[in-house]
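See below for protein.cif, which holds mmCIF, C-alpha atoms.
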data_input
loop_
_atom_site.label_atom_id
_atom_site.label_comp_id
_atom_site.auth_asym_id
_atom_site.auth_seq_id
_atom_site.Cartn_x
_atom_site.Cartn_y
_atom_site.Cartn_z
CA MET B 13 2.98 -3.72 -21.37
CA PHE B 14 0.72 -4.44 -18.40
CA VAL B 15 2.47 -4.22 -15.03
CA ASP B 16 0.48 -5.06 -11.91
CA ILE B 17 3.11 -5.41 -9.19
CA ALA B 18 6.06 -3.19 -8.23
CA GLN B 19 8.32 -2.51 -5.25
CA ILE B 20 9.41 1.01 -4.36
CA PHE B 21 11.25 2.90 -1.60
CA VAL B 22 9.57 5.91 0.02
CA LYS B 23 11.04 8.43 2.47
CA SER B 24 9.36 11.42 4.00
CA GLY B 25 11.25 14.62 4.71
CA SER B 26 12.93 15.27 8.04
CA GLY B 27 11.89 18.24 10.08
CA GLY B 28 14.17 21.25 10.06
CA ASN B 29 16.28 21.99 13.14
CA GLY B 30 15.44 24.77 15.55
CA LEU B 31 17.90 27.68 15.54
CA VAL B 32 20.05 29.07 18.33
CA SER B 33 20.03 32.81 17.74
CA PHE B 34 19.96 36.05 19.73
CA ARG B 35 18.75 39.51 18.85
CA ARG B 36 21.51 41.65 17.44
CA GLU B 37 19.97 45.08 17.18
CA LYS B 38 21.50 48.45 17.56
CA TYR B 39 21.05 49.89 21.04
CA VAL B 40 19.98 46.48 22.38
CA PRO B 41 23.12 45.31 24.21
CA ALA B 42 21.60 42.13 25.72
CA GLY B 43 19.07 40.92 23.18
CA GLY B 44 17.06 37.84 24.07
CA PRO B 45 16.78 34.58 22.12
CA ASP B 46 15.06 34.79 18.73
CA GLY B 47 15.81 31.42 17.10
CA GLY B 48 12.93 30.21 14.93
CA ASP B 49 11.47 26.72 14.72
CA GLY B 50 12.32 24.28 11.95
CA GLY B 51 9.78 23.53 9.25
CA ARG B 52 7.86 20.26 8.99
CA GLY B 53 9.23 17.65 6.60
CA GLY B 54 7.16 16.77 3.56
CA SER B 55 5.00 13.64 3.69
CA VAL B 56 4.78 10.98 1.00
CA ILE B 57 1.14 10.56 0.05
CA LEU B 58 -0.42 7.91 -2.17
CA ARG B 59 -3.26 9.25 -4.31
CA VAL B 60 -5.71 7.29 -6.46
CA ASP B 61 -5.64 8.32 -10.12
CA THR B 62 -8.51 6.83 -12.12
CA SER B 63 -6.71 7.57 -15.39
CA LEU B 64 -4.04 4.97 -14.55
CA THR B 65 -4.59 1.29 -15.34
CA THR B 66 -1.16 -0.24 -14.65
CA LEU B 67 1.89 0.21 -12.42
CA MET B 68 4.14 0.69 -15.43
CA ASP B 69 5.61 3.99 -14.17
CA PHE B 70 7.13 2.25 -11.18
CA ARG B 71 9.33 0.07 -13.39
CA TYR B 72 11.44 3.12 -14.22
CA LYS B 73 11.43 4.99 -10.92
CA ARG B 74 11.81 3.05 -7.66
CA SER B 75 12.73 5.73 -5.10
CA TYR B 76 10.46 8.54 -3.88
CA CYS B 77 11.72 11.08 -1.33
CA ALA B 78 9.88 14.13 -0.05
CA ARG B 79 11.72 17.36 0.79
CA ASN B 80 13.09 18.17 4.24
CA GLY B 81 11.81 21.11 6.23
CA GLU B 82 14.06 24.14 6.38
CA ASP B 83 15.94 25.03 9.55
CA GLY B 84 14.66 27.85 11.74
CA LYS B 85 15.75 31.40 11.03
CA PRO B 86 16.59 34.45 13.16
CA ARG B 87 13.92 36.87 14.39
CA ASN B 88 11.65 33.95 15.36
CA SER B 89 11.16 33.08 11.72
CA LYS B 90 9.99 29.52 11.12
CA GLY B 91 11.69 27.49 8.43
CA ALA B 92 9.59 26.58 5.40
CA ASP B 93 7.76 23.25 5.47
CA GLY B 94 8.95 20.58 3.07
CA GLU B 95 6.63 20.06 0.11
CA ASP B 96 4.50 16.92 0.26
CA LEU B 97 5.20 14.31 -2.43
CA PHE B 98 2.17 12.73 -4.10
CA ILE B 99 2.50 9.31 -5.73
CA HIS B 100 -0.32 8.49 -8.15
CA VAL B 101 -1.51 4.88 -8.24
CA PRO B 102 -4.36 3.12 -10.08
CA ARG B 103 -7.58 2.54 -8.22
CA GLY B 104 -7.50 -0.94 -6.71
CA THR B 105 -3.82 -0.88 -5.70
CA VAL B 106 -3.11 -2.85 -2.53
CA VAL B 107 -0.06 -1.54 -0.64
CA ARG B 108 1.99 -4.02 1.38
CA ASP B 109 5.02 -3.79 3.63
CA ALA B 110 7.78 -5.26 1.45
CA ASP B 111 9.48 -7.05 4.35
CA SER B 112 6.51 -8.67 6.10
CA GLY B 113 4.10 -8.84 3.17
CA LYS B 114 1.32 -7.44 5.37
CA ILE B 115 -1.29 -5.12 3.90
CA ILE B 116 -0.85 -1.46 4.82
CA VAL B 117 -3.76 0.01 2.88
CA ASP B 118 -6.13 -0.81 0.03
CA MET B 119 -6.40 2.13 -2.38
CA SER B 120 -9.85 1.17 -3.64
CA GLU B 121 -11.76 4.38 -2.97
CA GLU B 122 -12.16 6.79 -5.85
CA ASN B 123 -9.95 9.86 -5.27
CA GLY B 124 -8.62 8.22 -2.11
CA GLU B 125 -5.41 9.39 -0.39
CA TYR B 126 -3.16 7.79 2.21
CA ILE B 127 -0.08 9.14 3.99
CA ILE B 128 2.38 6.28 3.53
CA ALA B 129 5.29 8.15 5.20
CA LYS B 130 4.61 11.10 7.48
CA GLY B 131 7.00 14.01 7.48
CA GLY B 132 9.03 14.66 10.60
CA GLY B 133 8.10 17.55 12.86
CA GLY B 134 10.28 20.63 13.01
CA GLY B 135 12.53 21.30 16.01
CA TRP B 136 12.07 24.19 18.41
CA GLY B 137 14.26 27.25 18.31
CA ASN B 138 15.98 28.46 21.47
CA THR B 139 13.15 30.95 22.08
CA HIS B 140 11.08 28.09 23.51
CA PHE B 141 13.68 27.33 26.17
CA ALA B 142 13.92 30.79 27.70
CA THR B 143 12.79 31.01 31.34
CA PRO B 144 13.08 33.71 34.02
CA THR B 145 16.22 31.97 35.30
CA ARG B 146 17.56 30.92 31.89
CA GLN B 147 17.30 34.00 29.75
CA ALA B 148 19.92 33.10 27.14
CA PRO B 149 19.50 29.41 26.23
CA LYS B 150 22.30 28.31 23.92
CA PHE B 151 20.56 25.17 22.66
CA ALA B 152 17.63 24.26 20.45
CA LYS B 153 15.72 21.14 19.49
CA ASN B 154 16.47 19.21 16.31
CA GLY B 155 13.78 18.15 13.88
CA ILE B 156 12.41 14.62 13.80
CA ASP B 157 13.76 12.34 11.08
CA GLY B 158 11.45 11.33 8.26
CA GLU B 159 10.04 7.83 7.89
CA GLU B 160 11.35 5.44 5.27
CA LYS B 161 9.77 2.23 3.99
CA ASN B 162 10.07 -0.35 1.28
CA ILE B 163 6.59 -1.08 0.01
CA THR B 164 5.04 -3.35 -2.59
CA LEU B 165 2.27 -2.08 -4.85
CA GLU B 166 -0.07 -4.80 -6.08
CA LEU B 167 -2.87 -3.94 -8.48
CA LYS B 168 -6.10 -5.90 -8.05
CA LEU B 169 -8.57 -4.67 -10.62
CA ILE B 170 -11.89 -3.29 -9.44
CA ALA B 171 -14.64 -4.88 -11.52
CA ASP B 172 -18.16 -5.96 -10.63
CA VAL B 173 -18.09 -8.98 -12.93
CA ALA B 174 -15.16 -11.04 -14.22
CA LEU B 175 -15.01 -13.30 -17.26
CA ALA B 176 -13.05 -16.44 -16.40
CA GLY B 177 -12.17 -19.45 -18.51
CA PHE B 178 -9.51 -21.17 -20.56
CA PRO B 179 -7.70 -19.30 -23.35
CA ASN B 180 -9.50 -18.85 -26.65
CA VAL B 181 -13.02 -19.50 -25.35
CA GLY B 182 -14.30 -16.11 -26.53
CA LYS B 183 -14.03 -13.88 -23.47
CA SER B 184 -12.42 -11.00 -25.35
CA THR B 185 -15.01 -11.23 -28.12
CA LEU B 186 -17.77 -11.11 -25.51
CA LEU B 187 -16.25 -8.05 -23.80
CA ALA B 188 -15.89 -6.26 -27.12
CA ARG B 189 -19.54 -6.96 -27.98
CA VAL B 190 -21.05 -5.66 -24.74
CA SER B 191 -18.79 -2.67 -24.06
CA ALA B 192 -16.62 -0.06 -25.73
CA ALA B 193 -13.47 -2.00 -24.83
CA ARG B 194 -11.40 -3.15 -27.78
CA PRO B 195 -9.19 -6.03 -26.64
CA LYS B 196 -6.91 -7.79 -29.09
CA ILE B 197 -8.76 -10.77 -30.57
CA ALA B 198 -7.35 -13.64 -32.61
CA ASP B 199 -7.77 -17.39 -32.94
CA TYR B 200 -4.77 -18.49 -30.88
CA HIS B 201 -3.95 -19.00 -27.24
CA PHE B 202 -3.13 -16.11 -24.93
CA THR B 203 -4.17 -13.31 -27.24
CA THR B 204 -5.01 -11.49 -24.04
CA LEU B 205 -1.86 -11.01 -21.98
CA SER B 206 -3.31 -8.37 -19.68
CA PRO B 207 -6.74 -7.81 -18.13
CA ASN B 208 -9.17 -5.60 -20.02
CA LEU B 209 -11.98 -3.58 -18.47
CA GLY B 210 -15.20 -2.46 -20.10
CA VAL B 211 -18.35 -0.71 -18.89
CA VAL B 212 -21.56 -2.56 -19.77
CA LYS B 213 -24.48 -0.13 -20.07
CA ILE B 214 -27.79 -1.82 -19.38
CA ASP B 215 -30.07 1.20 -19.32
CA GLU B 216 -29.99 4.88 -18.41
CA GLY B 217 -28.12 5.08 -15.13
CA LYS B 218 -27.61 1.30 -15.00
CA SER B 219 -24.20 -0.15 -15.77
CA PHE B 220 -21.44 -2.32 -14.37
CA VAL B 221 -17.72 -2.90 -14.91
CA LEU B 222 -16.82 -6.15 -16.68
CA ALA B 223 -13.26 -7.53 -16.68
CA ASP B 224 -11.82 -9.91 -19.24
CA ILE B 225 -9.30 -11.91 -17.21
CA PRO B 226 -6.63 -13.58 -19.39
CA GLY B 227 -7.13 -17.32 -19.97
CA LEU B 228 -6.04 -19.58 -17.17
CA ILE B 229 -4.25 -22.90 -17.46
CA GLU B 230 -3.77 -25.87 -15.19
CA GLY B 231 -1.35 -25.00 -12.40
CA ALA B 232 -2.27 -21.31 -12.47
CA SER B 233 -2.87 -21.31 -8.71
CA ASP B 234 0.76 -22.43 -8.27
CA GLY B 235 1.98 -19.60 -10.47
CA VAL B 236 2.35 -21.69 -13.61
CA GLY B 237 2.37 -19.47 -16.67
CA LEU B 238 1.05 -16.11 -15.47
CA GLY B 239 -1.37 -17.72 -13.02
CA HIS B 240 -0.89 -15.53 -9.97
CA ASP B 241 -0.70 -12.41 -12.11
CA PHE B 242 -4.12 -13.19 -13.57
CA LEU B 243 -5.89 -14.67 -10.56
CA ARG B 244 -5.25 -11.65 -8.30
CA HIS B 245 -7.54 -9.61 -10.55
CA ILE B 246 -10.54 -11.82 -9.79
CA GLU B 247 -10.23 -11.39 -6.03
CA ARG B 248 -12.37 -8.24 -5.87
CA THR B 249 -15.03 -9.31 -8.34
CA ARG B 250 -18.54 -9.81 -7.01
CA LEU B 251 -19.70 -12.18 -9.73
CA ILE B 252 -17.88 -14.57 -12.07
CA ILE B 253 -19.11 -15.45 -15.54
CA HIS B 254 -17.38 -18.71 -16.41
CA VAL B 255 -17.13 -18.83 -20.21
CA VAL B 256 -16.81 -22.28 -21.79
CA ASP B 257 -16.33 -23.24 -25.43
CA VAL B 258 -19.00 -25.94 -25.94
CA THR B 259 -17.78 -26.87 -29.42
CA GLY B 260 -15.08 -29.15 -28.00
CA HIS B 261 -12.58 -27.29 -30.19
CA GLU B 262 -9.09 -28.86 -30.36
CA GLY B 263 -10.41 -32.01 -28.70
CA ARG B 264 -11.21 -30.25 -25.43
CA ASP B 265 -14.04 -31.38 -23.16
CA PRO B 266 -16.22 -28.45 -21.94
CA ILE B 267 -17.03 -30.17 -18.64
CA GLU B 268 -13.37 -30.96 -17.90
CA ASP B 269 -12.43 -27.38 -18.73
CA PHE B 270 -15.11 -26.07 -16.37
CA GLU B 271 -13.92 -28.31 -13.53
CA LYS B 272 -10.24 -27.48 -14.04
CA ILE B 273 -10.78 -23.73 -13.93
CA ASN B 274 -12.92 -24.01 -10.79
CA GLU B 275 -10.22 -26.12 -9.16
CA GLU B 276 -7.61 -23.44 -9.92
CA LEU B 277 -9.86 -20.82 -8.34
CA ARG B 278 -10.31 -22.99 -5.25
CA LEU B 279 -6.59 -23.69 -4.89
CA TYR B 280 -5.73 -20.01 -5.23
CA SER B 281 -8.38 -18.82 -2.78
CA PRO B 282 -11.16 -20.86 -1.13
CA ALA B 283 -13.11 -17.61 -0.69
CA LEU B 284 -12.84 -16.94 -4.42
CA ALA B 285 -14.22 -20.39 -5.20
CA GLU B 286 -17.33 -19.49 -3.17
CA ARG B 287 -18.02 -16.40 -5.26
CA GLU B 288 -21.31 -16.51 -7.15
CA MET B 289 -20.87 -17.88 -10.65
CA ILE B 290 -22.84 -17.95 -13.89
CA ALA B 291 -22.00 -20.45 -16.62
CA ALA B 292 -21.88 -19.16 -20.20
CA ALA B 293 -21.81 -21.83 -22.93
CA ASN B 294 -20.21 -19.93 -25.81
CA LYS B 295 -19.97 -20.60 -29.56
CA ILE B 296 -23.39 -22.27 -29.73
CA ASP B 297 -23.60 -21.15 -33.36
CA SER B 298 -21.04 -23.83 -34.24
CA ALA B 299 -21.53 -26.38 -31.43
CA ALA B 300 -23.16 -29.77 -31.84
CA LYS B 301 -26.54 -30.24 -30.17
CA GLU B 302 -25.28 -33.25 -28.19
CA SER B 303 -22.40 -31.24 -26.71
CA ARG B 304 -24.68 -28.38 -25.73
CA GLU B 305 -27.22 -30.68 -24.08
CA ARG B 306 -24.54 -32.61 -22.21
CA PHE B 307 -23.02 -29.43 -20.80
CA ALA B 308 -26.46 -27.99 -19.91
CA LYS B 309 -27.34 -31.15 -17.99
CA TYR B 310 -24.05 -30.99 -16.11
CA ILE B 311 -24.53 -27.30 -15.12
CA SER B 312 -28.12 -27.95 -14.05
CA ALA B 313 -26.96 -30.74 -11.74
CA LYS B 314 -24.56 -28.28 -10.07
CA GLY B 315 -27.41 -25.83 -9.46
CA LEU B 316 -25.85 -23.03 -11.51
CA LYS B 317 -27.52 -20.62 -13.89
CA LEU B 318 -26.61 -21.32 -17.53
CA PHE B 319 -26.78 -19.04 -20.54
CA GLU B 320 -26.14 -20.34 -24.03
CA ILE B 321 -24.56 -17.58 -26.07
CA SER B 322 -22.63 -16.71 -29.18
CA ALA B 323 -20.27 -13.81 -28.60
CA VAL B 324 -19.80 -13.58 -32.39
CA THR B 325 -23.50 -13.32 -33.40
CA GLY B 326 -24.76 -11.82 -30.15
CA GLU B 327 -27.27 -14.58 -29.49
CA GLY B 328 -28.14 -14.79 -25.78
CA VAL B 329 -25.64 -12.08 -24.83
CA ARG B 330 -28.19 -9.39 -23.89
CA GLU B 331 -30.02 -11.82 -21.60
CA LEU B 332 -26.74 -12.79 -19.92
CA MET B 333 -25.80 -9.16 -19.23
CA LEU B 334 -29.26 -8.30 -17.90
CA TYR B 335 -29.13 -11.23 -15.49
CA ALA B 336 -25.60 -10.36 -14.37
CA HIS B 337 -26.69 -6.79 -13.62
CA SER B 338 -29.71 -8.00 -11.63
CA ARG B 339 -27.45 -10.23 -9.53
CA ILE B 340 -24.79 -7.64 -8.68
CA GLU B 341 -27.54 -5.30 -7.46
CA GLN B 342 -28.23 -7.94 -4.79
CA LEU B 343 -24.65 -8.86 -3.95
CA PRO B 344 -22.43 -7.28 -1.25
CA PRO B 345 -20.12 -4.40 -2.28
CA LEU B 346 -16.64 -5.06 -3.63
CA THR B 347 -13.98 -6.59 -1.43
CA VAL B 348 -11.78 -4.09 0.40
CA PHE B 349 -8.68 -5.59 2.00
CA GLU B 350 -8.23 -4.54 5.62
CA SER B 351 -4.93 -3.24 6.92
CA GLU B 352 -2.79 -5.85 8.67
CA ILE B 353 -0.28 -3.33 9.99
CA ILE B 354 -0.40 -1.95 13.52
CA GLU B 355 0.76 1.64 13.40
CA GLN B 356 4.25 1.89 14.82
CA PRO B 357 4.97 4.64 17.39
CA ARG B 358 7.04 7.65 16.47
CA GLU B 359 10.68 7.85 17.46
CA GLU B 360 9.98 9.39 20.88
CA GLU B 361 8.06 6.27 21.93
CA VAL B 362 10.34 3.64 20.42
CA PRO B 363 11.84 1.58 23.25
CA PHE B 364 15.53 2.32 23.63
CA GLU B 365 18.08 -0.39 24.28
CA ILE B 366 20.37 -0.61 27.30
CA ARG B 367 23.15 -3.19 27.45
CA ARG B 368 26.32 -3.79 29.46
CA ASP B 369 29.67 -3.56 27.68
CA ASN B 370 32.49 -4.17 30.15
CA GLU B 371 32.47 -1.21 32.54
CA PHE B 372 29.95 0.78 30.48
CA TYR B 373 26.17 0.87 30.42
CA VAL B 374 25.50 1.44 26.69
CA VAL B 375 22.29 3.28 25.75
CA GLU B 376 21.32 3.30 22.06
CA GLY B 377 18.34 4.07 19.88
CA PRO B 378 17.04 6.70 17.44
CA LEU B 379 15.71 8.83 20.30
CA ILE B 380 19.16 8.97 21.89
CA MET B 381 20.75 9.97 18.59
CA ARG B 382 18.29 12.82 18.16
CA LEU B 383 18.70 14.06 21.74
CA LEU B 384 22.49 14.08 21.39
CA ARG B 385 22.32 16.13 18.20
CA GLY B 386 20.51 18.86 20.11
CA VAL B 387 22.93 19.08 23.04
CA ASN B 388 25.48 21.85 23.41
CA PHE B 389 28.01 20.13 25.69
CA GLU B 390 29.70 23.46 26.46
CA ASP B 391 26.51 24.96 27.85
CA VAL B 392 25.32 24.11 31.37
CA ASP B 393 21.68 24.88 30.61
CA SER B 394 21.75 22.60 27.58
CA LEU B 395 23.23 19.76 29.64
CA ASN B 396 20.59 20.28 32.34
CA TYR B 397 17.86 20.12 29.69
CA PHE B 398 19.41 16.92 28.33
CA GLN B 399 19.39 15.41 31.83
CA ARG B 400 15.72 16.27 32.29
CA ALA B 401 14.91 14.75 28.88
CA LEU B 402 16.61 11.50 29.87
CA ARG B 403 14.51 11.42 33.02
CA ARG B 404 11.28 12.34 31.16
CA PHE B 405 11.72 9.54 28.63
CA GLY B 406 12.39 6.99 31.36
CA ILE B 407 16.02 6.40 30.50
CA ILE B 408 17.30 7.23 34.00
CA SER B 409 14.84 4.84 35.68
CA ALA B 410 15.64 2.15 33.12
CA LEU B 411 19.37 2.46 33.92
CA VAL B 412 18.59 2.07 37.61
CA GLU B 413 16.60 -1.07 36.87
CA LYS B 414 19.60 -2.41 34.95
CA GLY B 415 21.75 -1.89 38.06
CA ALA B 416 23.40 1.47 37.35
CA ARG B 417 24.59 3.36 40.42
CA GLU B 418 25.97 6.84 41.07
CA GLY B 419 29.30 7.29 39.33
CA ASP B 420 28.94 4.32 36.92
CA SER B 421 30.06 4.95 33.34
CA VAL B 422 27.36 5.41 30.68
CA ARG B 423 28.07 5.56 26.94
CA MET B 424 25.65 7.01 24.41
CA TYR B 425 27.32 6.53 21.04
CA ASP B 426 30.40 8.84 21.13
CA ALA B 427 29.41 10.57 24.39
CA GLU B 428 30.46 9.18 27.78
CA PHE B 429 29.03 10.27 31.17
CA ASP B 430 29.19 9.48 34.84
CA PHE B 431 25.75 8.29 35.92
CA ILE B 432 23.93 10.77 38.18
CA GLN B 433 20.63 9.66 39.57
#

Could you write out this file's structure as structure tokens?
Amino acid sequence: MFVDIAQIFVKSGSGGNGLVSFRREKYVPAGGPDGGDGGRGGSVILRVDTSLTTLMDFRYKRSYCARNGEDGKPRNSKGADGEDLFIHVPRGTVVRDADSGKIIVDMSEENGEYIIAKGGGGGWGNTHFATPTRQAPKFAKNGIDGEEKNITLELKLIADVALAGFPNVGKSTLLARVSAARPKIADYHFTTLSPNLGVVKIDEGKSFVLADIPGLIEGASDGVGLGHDFLRHIERTRLIIHVVDVTGHEGRDPIEDFEKINEELRLYSPALAEREMIAAANKIDSAAKESRERFAKYISAKGLKLFEISAVTGEGVRELMLYAHSRIEQLPPLTVFESEIIEQPREEEVPFEIRRDNEFYVVEGPLIMRLLRGVNFEDVDSLNYFQRALRRFGIISALVEKGAREGDSVRMYDAEFDFIQ
């Protein structure tokens, strides 16, 4: 089964907490602090794997979590870093934020990597907080929480040239003739239910990737049938070969078919409709002369290049492939989708929220939660450090701007304080 879209949850590891510890050695009655730092949390990293062609694996596993960093250890020993988690995706996977739909990154580079969720930094042990006047700090810094995201993976095939056209016009037969690809071929509609890729070798060192896009139908741009699933794979292509059955098989009109497919391309993406196109009149070995001439006249009037071919006998196919290769050498490189996401600041920079709740000024936010976890409320030095942190992060000045005065009550989750400016 071909799967080209999936939604998954990713979470990087949280950093380990710093340790509060003191030297406990024989003959050292007043050992100093020796609490080690916490280890860094593991990151979640997307990695391009050229051996993958679908997103099938993500149908069975939807959650990916990297390991947390270990807490600090005595004797200034740092906790172990969490192991990074690598998620392998096919080349051409576009990664979107699942909530906003905005593009985060386009995994189109061969062997490309992208950190989709960065591991949290480790906290400092109490060794860092020792000063000449504070020789036995009884507090440490907690690690930073990992990032978590819901993301959508959307595969857009990377091919230089795409074969487009109605079902059963001979696209799969053409791909099989010019490459080593072996798509399923039969004389009925929708034999091809997933895109097929093949490498067309023109000469030594000269080749290009050709994609057989499953047959489109009217309404494909609106998602009728598998329209959107198929059309997304043409978005990167640099050149379109529009294959038309000129026999008029099953009472179809080649010109009407050509117009309908182009209209679906235009409705799906105006930019796609502007992509350079070559017309390929297929099945000329069994088409009437009048039908061939009528279609050739129509294509000529549109100013397009026409090749009359037979994918079955091979007539005209070599010339078509040579011309396609000559054109893609002149065309711009493949489309790479730019990121639409502005990098969000880490927790320390996330604006906190201050609101009034009866007699309390309530201060909330992830930064506040993390600061509170690192406070030893029974230790004066720890409380003083907490006070300085509130001032450093602008929380004190923000409370003043909100109208807080000396002695007013401030609540930070379960902790309550008298405001001291």

What's around Gly135 in chain B at 6 Å? Count only C-alpha atoms, leave out sequence neighbours fewer than 6 positions away in its own chain, and write the answer as a VMD selection string. chain B and resid 29 to 30 49 to 50 153 to 155

Can you write out the residues you just picked, keeping C-alpha atoms, as a PDB file, in the coordinates of the input?
ATOM      1  CA  ASN B  29      16.280  21.990  13.140  1.00  0.00           C
ATOM      2  CA  GLY B  30      15.440  24.770  15.550  1.00  0.00           C
ATOM      3  CA  ASP B  49      11.470  26.720  14.720  1.00  0.00           C
ATOM      4  CA  GLY B  50      12.320  24.280  11.950  1.00  0.00           C
ATOM      5  CA  LYS B 153      15.720  21.140  19.490  1.00  0.00           C
ATOM      6  CA  ASN B 154      16.470  19.210  16.310  1.00  0.00           C
ATOM      7  CA  GLY B 155      13.780  18.150  13.880  1.00  0.00           C
TER       8      GLY B 155
END

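Residue nearest Ile115 in chain B, chosen from B:Ile128, B:Ala410, B:Leu284, B:Ile296 and counting all atoms listed in the file: B:Ile128.
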
Contact check, range 253-286 of chain B to range 309-326 of chain B, at most 10 Å, counting only C-alpha atoms, closest pairs as CSV:
residue,atom,partner,partner_atom,distance
B:Ile253,CA,B:Leu318,CA,9.7
B:His254,CA,B:Leu318,CA,9.7
B:Val255,CA,B:Ile321,CA,9.5
B:Val256,CA,B:Glu320,CA,9.8
B:Asp257,CA,B:Ser322,CA,9.8
B:Val258,CA,B:Glu320,CA,9.3
B:Ile267,CA,B:Tyr310,CA,7.5
B:Phe270,CA,B:Ile311,CA,9.6

Residues returned when the PyMOL selection byres ((chain B and resi 375) around 6) runs on this file, as a PyMOL selection string: chain B and resi 365-366+374+376+424

For a cut-off of 10 Å around (16.0, 32.5, 8.7), file coordinates, pick out all residues using only C-alpha atoms and list them as a PyMOL selection string. chain B and resi 31+33+47-50+82-92

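Applied to the file shown here, the PyMOL selection byres ((chain B and resi 68-76) around 9) selects the residues Met13, Phe14, Val15, Asp16, Ile17, Ala18, Gln19, Ile20, Phe21, Val22, Lys23, Ser24, Val56, Thr65, Thr66, Leu67, Cys77, Ala78, Leu97 and Ile99 of chain B.
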
Evaluate the PyMOL selection byres ((chain B and resi 159) around 9) on the structure here and hand back the selected residues as a PyMOL selection string. chain B and resi 22-26+55+128-132+157-158+160-161

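For the pair CA of Gly137 in chain B and CA of Phe98 in chain B, the interatomic distance is 29.3 Å.
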
Give me, please, the distance in Å between CA of Glu352 in chain B and CA of Ala283 in chain B, quoted to one decimal. 18.2 Å

May I have the residues at most 8 Å from (-21.3, -7.7, -20.1) in the file's coordinates, counting only C-alpha atoms, as a ChimeraX atom specification? /B:173,186-187,190-191,211-212,220-222,329,332-333,336

Will you give me range 122-133 of chain B, written with N, CA, C and O atoms and laid out as an mmCIF file, in the first residue's frame?
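Dumped everything to decode-v7.cif:
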data_model
loop_
_atom_site.group_PDB
_atom_site.id
_atom_site.type_symbol
_atom_site.label_atom_id
_atom_site.label_comp_id
_atom_site.auth_asym_id
_atom_site.auth_seq_id
_atom_site.Cartn_x
_atom_site.Cartn_y
_atom_site.Cartn_z
ATOM 1 N N GLU B 122 19.261 15.210 -0.349
ATOM 2 C CA GLU B 122 19.725 13.845 -0.127
ATOM 3 C C GLU B 122 20.562 13.802 1.150
ATOM 4 O O GLU B 122 21.421 14.652 1.383
ATOM 5 N N ASN B 123 20.272 12.846 2.009
ATOM 6 C CA ASN B 123 20.954 12.680 3.303
ATOM 7 C C ASN B 123 20.732 13.877 4.232
ATOM 8 O O ASN B 123 21.517 14.108 5.157
ATOM 9 N N GLY B 124 19.667 14.628 4.016
ATOM 10 C CA GLY B 124 19.381 15.781 4.851
ATOM 11 C C GLY B 124 18.910 15.390 6.245
ATOM 12 O O GLY B 124 18.336 14.315 6.448
ATOM 13 N N GLU B 125 19.162 16.274 7.224
ATOM 14 C CA GLU B 125 18.706 16.079 8.599
ATOM 15 C C GLU B 125 18.105 17.384 9.116
ATOM 16 O O GLU B 125 18.495 18.475 8.698
ATOM 17 N N TYR B 126 17.160 17.250 10.036
ATOM 18 C CA TYR B 126 16.543 18.431 10.634
ATOM 19 C C TYR B 126 16.114 18.099 12.059
ATOM 20 O O TYR B 126 15.456 17.073 12.299
ATOM 21 N N ILE B 127 16.497 18.956 13.011
ATOM 22 C CA ILE B 127 16.089 18.758 14.402
ATOM 23 C C ILE B 127 14.666 19.284 14.554
ATOM 24 O O ILE B 127 14.441 20.490 14.569
ATOM 25 N N ILE B 128 13.706 18.382 14.633
ATOM 26 C CA ILE B 128 12.301 18.779 14.719
ATOM 27 C C ILE B 128 11.909 19.114 16.157
ATOM 28 O O ILE B 128 10.978 19.903 16.401
ATOM 29 N N ALA B 129 12.598 18.538 17.138
ATOM 30 C CA ALA B 129 12.351 18.851 18.556
ATOM 31 C C ALA B 129 13.687 18.771 19.290
ATOM 32 O O ALA B 129 14.274 17.694 19.385
ATOM 33 N N LYS B 130 14.143 19.904 19.772
ATOM 34 C CA LYS B 130 15.458 19.981 20.406
ATOM 35 C C LYS B 130 15.377 19.568 21.874
ATOM 36 O O LYS B 130 14.474 19.984 22.598
ATOM 37 N N GLY B 131 16.329 18.765 22.275
ATOM 38 C CA GLY B 131 16.362 18.308 23.660
ATOM 39 C C GLY B 131 16.605 19.441 24.635
ATOM 40 O O GLY B 131 17.307 20.417 24.326
ATOM 41 N N GLY B 132 16.026 19.333 25.811
ATOM 42 C CA GLY B 132 16.197 20.357 26.835
ATOM 43 C C GLY B 132 17.580 20.314 27.457
ATOM 44 O O GLY B 132 18.185 19.246 27.597
ATOM 45 N N GLY B 133 18.090 21.490 27.819
ATOM 46 C CA GLY B 133 19.403 21.549 28.454
ATOM 47 C C GLY B 133 19.373 21.023 29.875
ATOM 48 O O GLY B 133 18.347 21.068 30.556
#
